[in-house]
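Student: Contents of query_18.cif (mmCIF, C-alpha atoms) are given next:
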data_final
#
loop_
_atom_site.label_atom_id
_atom_site.label_comp_id
_atom_site.auth_asym_id
_atom_site.auth_seq_id
_atom_site.Cartn_x
_atom_site.Cartn_y
_atom_site.Cartn_z
CA MET T 1 -44.03 -25.10 71.29
CA SER T 2 -44.07 -21.59 69.91
CA GLY T 3 -41.10 -19.75 68.43
CA CYS T 4 -39.92 -18.34 71.79
CA ALA T 5 -37.72 -20.17 74.24
CA ASN T 6 -39.88 -21.44 77.10
CA ARG T 7 -40.31 -18.83 79.87
CA SER T 8 -37.63 -16.53 78.43
CA THR T 9 -40.28 -14.27 76.92
CA TYR T 10 -42.79 -12.84 79.33
CA LEU T 11 -44.87 -9.80 80.17
CA SER T 12 -45.51 -8.41 83.62
CA ILE T 13 -48.10 -5.69 84.21
CA TYR T 14 -48.65 -3.91 87.49
CA ASN T 15 -52.14 -2.41 87.55
CA ALA T 16 -52.63 0.06 90.41
CA ASP T 17 -55.62 2.26 91.01
CA TYR T 18 -54.62 4.50 93.88
CA SER T 19 -58.08 6.04 94.05
CA THR T 20 -59.64 2.67 94.98
CA GLY T 21 -56.70 0.89 96.59
CA ASP T 22 -56.85 -1.96 94.07
CA GLY T 23 -53.70 -3.44 92.66
CA TYR T 24 -52.82 -6.56 90.70
CA THR T 25 -49.75 -7.88 88.99
CA TYR T 26 -50.26 -9.94 85.84
CA ARG T 27 -47.49 -12.32 84.81
CA ILE T 28 -47.95 -13.70 81.32
CA PHE T 29 -45.68 -16.34 79.89
CA GLU T 30 -46.17 -18.06 76.56
CA ASN T 31 -48.05 -20.91 78.26
CA SER T 32 -49.55 -19.41 81.43
CA VAL T 33 -50.98 -16.36 83.12
CA THR T 34 -51.00 -15.55 86.83
CA VAL T 35 -52.82 -12.75 88.64
CA ILE T 36 -51.34 -11.61 91.94
CA GLU T 37 -53.08 -9.32 94.37
CA SER T 38 -50.32 -6.89 95.19
CA TYR T 39 -51.87 -3.82 96.77
CA GLY T 40 -54.34 -3.11 99.51
CA GLU T 41 -53.90 -3.54 103.25
CA ILE T 42 -50.59 -2.19 104.52
CA ASP T 43 -49.65 -5.49 106.18
CA SER T 44 -50.94 -7.72 103.39
CA LYS T 45 -48.54 -9.86 101.43
CA PRO T 46 -48.92 -10.43 97.69
CA LYS T 47 -50.98 -13.53 96.96
CA ILE T 48 -51.87 -15.44 93.82
CA VAL T 49 -55.59 -15.02 93.23
CA TRP T 50 -55.88 -16.71 89.82
CA CYS T 51 -53.71 -18.83 87.54
CA ARG T 52 -54.22 -20.59 84.21
CA LYS T 53 -51.98 -22.73 82.03
CA PHE T 54 -52.68 -23.30 78.36
CA SER T 55 -50.99 -25.55 75.86
CA ASP T 56 -53.03 -25.13 72.71
CA SER T 57 -54.11 -21.56 72.36
CA PRO T 58 -54.21 -18.80 69.74
CA TYR T 59 -52.47 -16.61 72.34
CA LEU T 60 -49.23 -18.60 72.40
CA ASN T 61 -47.42 -16.55 69.75
CA TYR T 62 -48.69 -13.15 70.86
CA LEU T 63 -45.74 -12.40 73.15
CA CYS T 64 -43.21 -13.58 70.57
CA ASN T 65 -44.66 -11.16 68.02
CA LEU T 66 -45.12 -8.20 70.36
CA ASP T 67 -43.51 -5.02 68.99
CA THR T 68 -40.89 -3.83 71.47
CA ASN T 69 -40.83 -0.28 70.01
CA MET T 70 -43.88 0.64 72.08
CA PHE T 71 -41.90 0.23 75.29
CA PHE T 72 -39.57 3.17 74.73
CA SER T 73 -42.02 5.83 75.91
CA ASN T 74 -44.05 6.62 78.97
CA TYR T 75 -47.67 7.54 78.40
CA ARG T 76 -48.80 10.10 80.94
CA ASN T 77 -51.61 12.54 81.43
CA SER T 78 -50.16 14.90 84.04
CA SER T 79 -53.50 16.65 84.69
CA VAL T 80 -54.93 13.54 86.43
CA GLN T 81 -53.18 12.39 89.61
CA ASP T 82 -55.20 9.36 90.71
CA GLY T 83 -56.77 6.65 88.62
CA LEU T 84 -55.24 4.29 86.11
CA GLN T 85 -51.57 3.41 86.61
CA LEU T 86 -50.12 0.58 84.53
CA SER T 87 -46.47 -0.43 84.59
CA PHE T 88 -45.33 -2.82 81.86
CA SER T 89 -42.18 -4.91 81.92
CA PHE T 90 -41.57 -7.09 78.88
CA THR T 91 -38.64 -9.48 78.54
CA LYS T 92 -37.74 -10.94 75.17
CA LYS T 93 -34.48 -12.70 74.28
CA LYS T 94 -33.04 -11.69 77.67
CA LYS T 95 -33.63 -7.99 76.98
CA LYS T 96 -36.02 -6.05 79.22
CA TYR T 97 -38.34 -3.28 77.99
CA GLN T 98 -40.43 -1.09 80.27
CA THR T 99 -43.06 1.61 80.07
CA HIS T 100 -45.58 3.28 82.32
CA VAL T 101 -49.12 4.42 81.51
CA SER T 102 -50.87 7.01 83.65
CA ASN T 103 -54.44 7.92 82.65
CA TYR T 104 -53.53 7.93 78.97
CA TYR T 105 -54.97 6.14 75.93
CA SER T 106 -52.63 4.53 73.43
CA PRO T 107 -53.78 2.06 70.73
CA GLN T 108 -50.61 0.00 71.26
CA ILE T 109 -51.27 -0.30 75.00
CA ASP T 110 -54.92 -1.05 74.25
CA SER T 111 -53.89 -4.07 72.17
CA ILE T 112 -51.89 -5.50 75.09
CA VAL T 113 -54.68 -4.85 77.60
CA THR T 114 -57.20 -6.46 75.24
CA TYR T 115 -54.94 -9.52 74.96
CA VAL T 116 -54.58 -9.84 78.74
CA ASN T 117 -58.32 -9.34 79.27
CA LEU T 118 -59.02 -12.26 76.92
CA LEU T 119 -56.93 -14.49 79.19
CA VAL T 120 -58.31 -13.59 82.61
CA PRO T 121 -61.77 -13.81 84.18
CA GLU T 122 -63.92 -10.69 84.12
CA ARG T 123 -63.20 -10.01 87.79
CA TYR T 124 -59.50 -9.42 87.03
CA ARG T 125 -59.79 -7.57 83.74
CA ILE T 126 -57.85 -4.36 83.39
CA TRP T 127 -59.94 -1.24 82.93
CA TYR T 128 -58.78 0.65 79.86
CA ASP T 129 -61.64 2.66 78.42
CA LYS T 130 -60.70 4.43 75.19
CA GLU T 131 -63.53 6.96 75.38
CA LYS T 132 -62.88 8.02 78.98
CA LEU T 133 -59.09 8.06 78.64
CA THR T 134 -59.28 10.04 75.41
CA GLU T 135 -61.54 12.52 77.22
CA PHE T 136 -58.86 12.86 79.94
CA ASN T 137 -56.24 13.53 77.25
CA ALA T 138 -58.24 16.30 75.55
#
Any chance you could put this one into structure tokens?
Tutor:
Amino acid sequence: MSGCANRSTYLSIYNADYSTGDGYTYRIFENSVTVIESYGEIDSKPKIVWCRKFSDSPYLNYLCNLDTNMFFSNYRNSSVQDGLQLSFSFTKKKKKYQTHVSNYYSPQIDSIVTYVNLLVPERYRIWYDKEKLTEFNA
């Protein structure tokens, strides 16, 4: 077992693209990841679309070592209304940290998105394109 208490450290990411109507929630614990479809049809209920457990993985300690300082700011490009919307909620040692990203590139956020994208199938990867987002921020 890693250095975190089981299931007391976890990351939740809500990924909404209002321009396409896509939305997924990613729940990452130290030993599992779940992808939940959480946006779309008005009457649709959230449903688990993919789940994976892992016991021996290089990713186990990532959450325990995640720097909580990055969660004190919101990252927003106010000149773009639609597009990328990511809401992060990170719980560590019973303390909750949150931030929101709206069409903005941040290297710290990129490292989290890269981590999550290594865990999930290509179909559920989070779009976070440095070049395009940096262009939006210019």
Student: Could you tell me how far CA of Phe54 (chain T) sits from CA of Asn117 (chain T), in Å to one decimal place?
Tutor: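 Value for the CA of Asn117 (chain T)-CA of Phe54 (chain T) distance: 15.1 Å.
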Student: Give the answer as one residue: which of T:Leu63, T:Met70, T:Val80, T:Leu86 has the shortest atom-to-atom distance to Pro107 (chain T), using only C-alpha atoms?
Tutor: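 Distance minimum relative to Pro107 (chain T) lands on T:Met70.
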Student: Could you state the separation of CA of Gly21 (chain T) and CA of Ser38 (chain T) in Å, given to one decimal place?
Tutor: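 Computing the Euclidean distance for CA of Gly21 (chain T) and CA of Ser38 (chain T) yields 10.2 Å.
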Student: For Lys93 (chain T), which residue among T:Thr114, T:Thr68, T:Asn15, T:Ser55 is the nearest when counting only C-alpha atoms?
Tutor: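 With only C-alpha atoms as the atom set, the closest residue is T:Thr68.
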Student: Which one of T:His100, T:Lys95, T:Lys130, T:Lys53 sits closest to Val33 (chain T) if you count all atoms listed in the file?
Tutor: T:Lys53
Student: So which residues touch Val120 (chain T) within 10 Å, counting only C-alpha atoms, skipping near sequence neighbours fewer than 6 positions away, as a list of chain:residue names?
Tutor: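 With the cut-off at 10 Å, the set is T:Tyr26, T:Val33, T:Thr34, T:Val35, T:Trp50, T:Cys51, T:Arg52, T:Ile126.
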Student: Taking the file as shown, find all residues satisfying the PyMOL selection byres ((chain T and resi 84) around 12) and write them as number ranges by chain.
Tutor: T: 14-23, 75-78, 80-83, 85-87, 100-105, 126-129, 132-133, 136
Student: Could you work out how far CA of Ser12 (chain T) lies from CA of Asn74 (chain T), giving the answer in Å with one decimal?
Tutor: 15.8 Å
Student: Can you list, as a ChimeraX atom specification, every protein, DNA or RNA residue that comes within 12 Å of Leu66 (chain T) when you count only C-alpha atoms, leaving out same-chain residues fewer than 2 positions away?
Tutor: /T:4,9-11,30,59-64,68-71,90-92,97,108-109,111-112,115
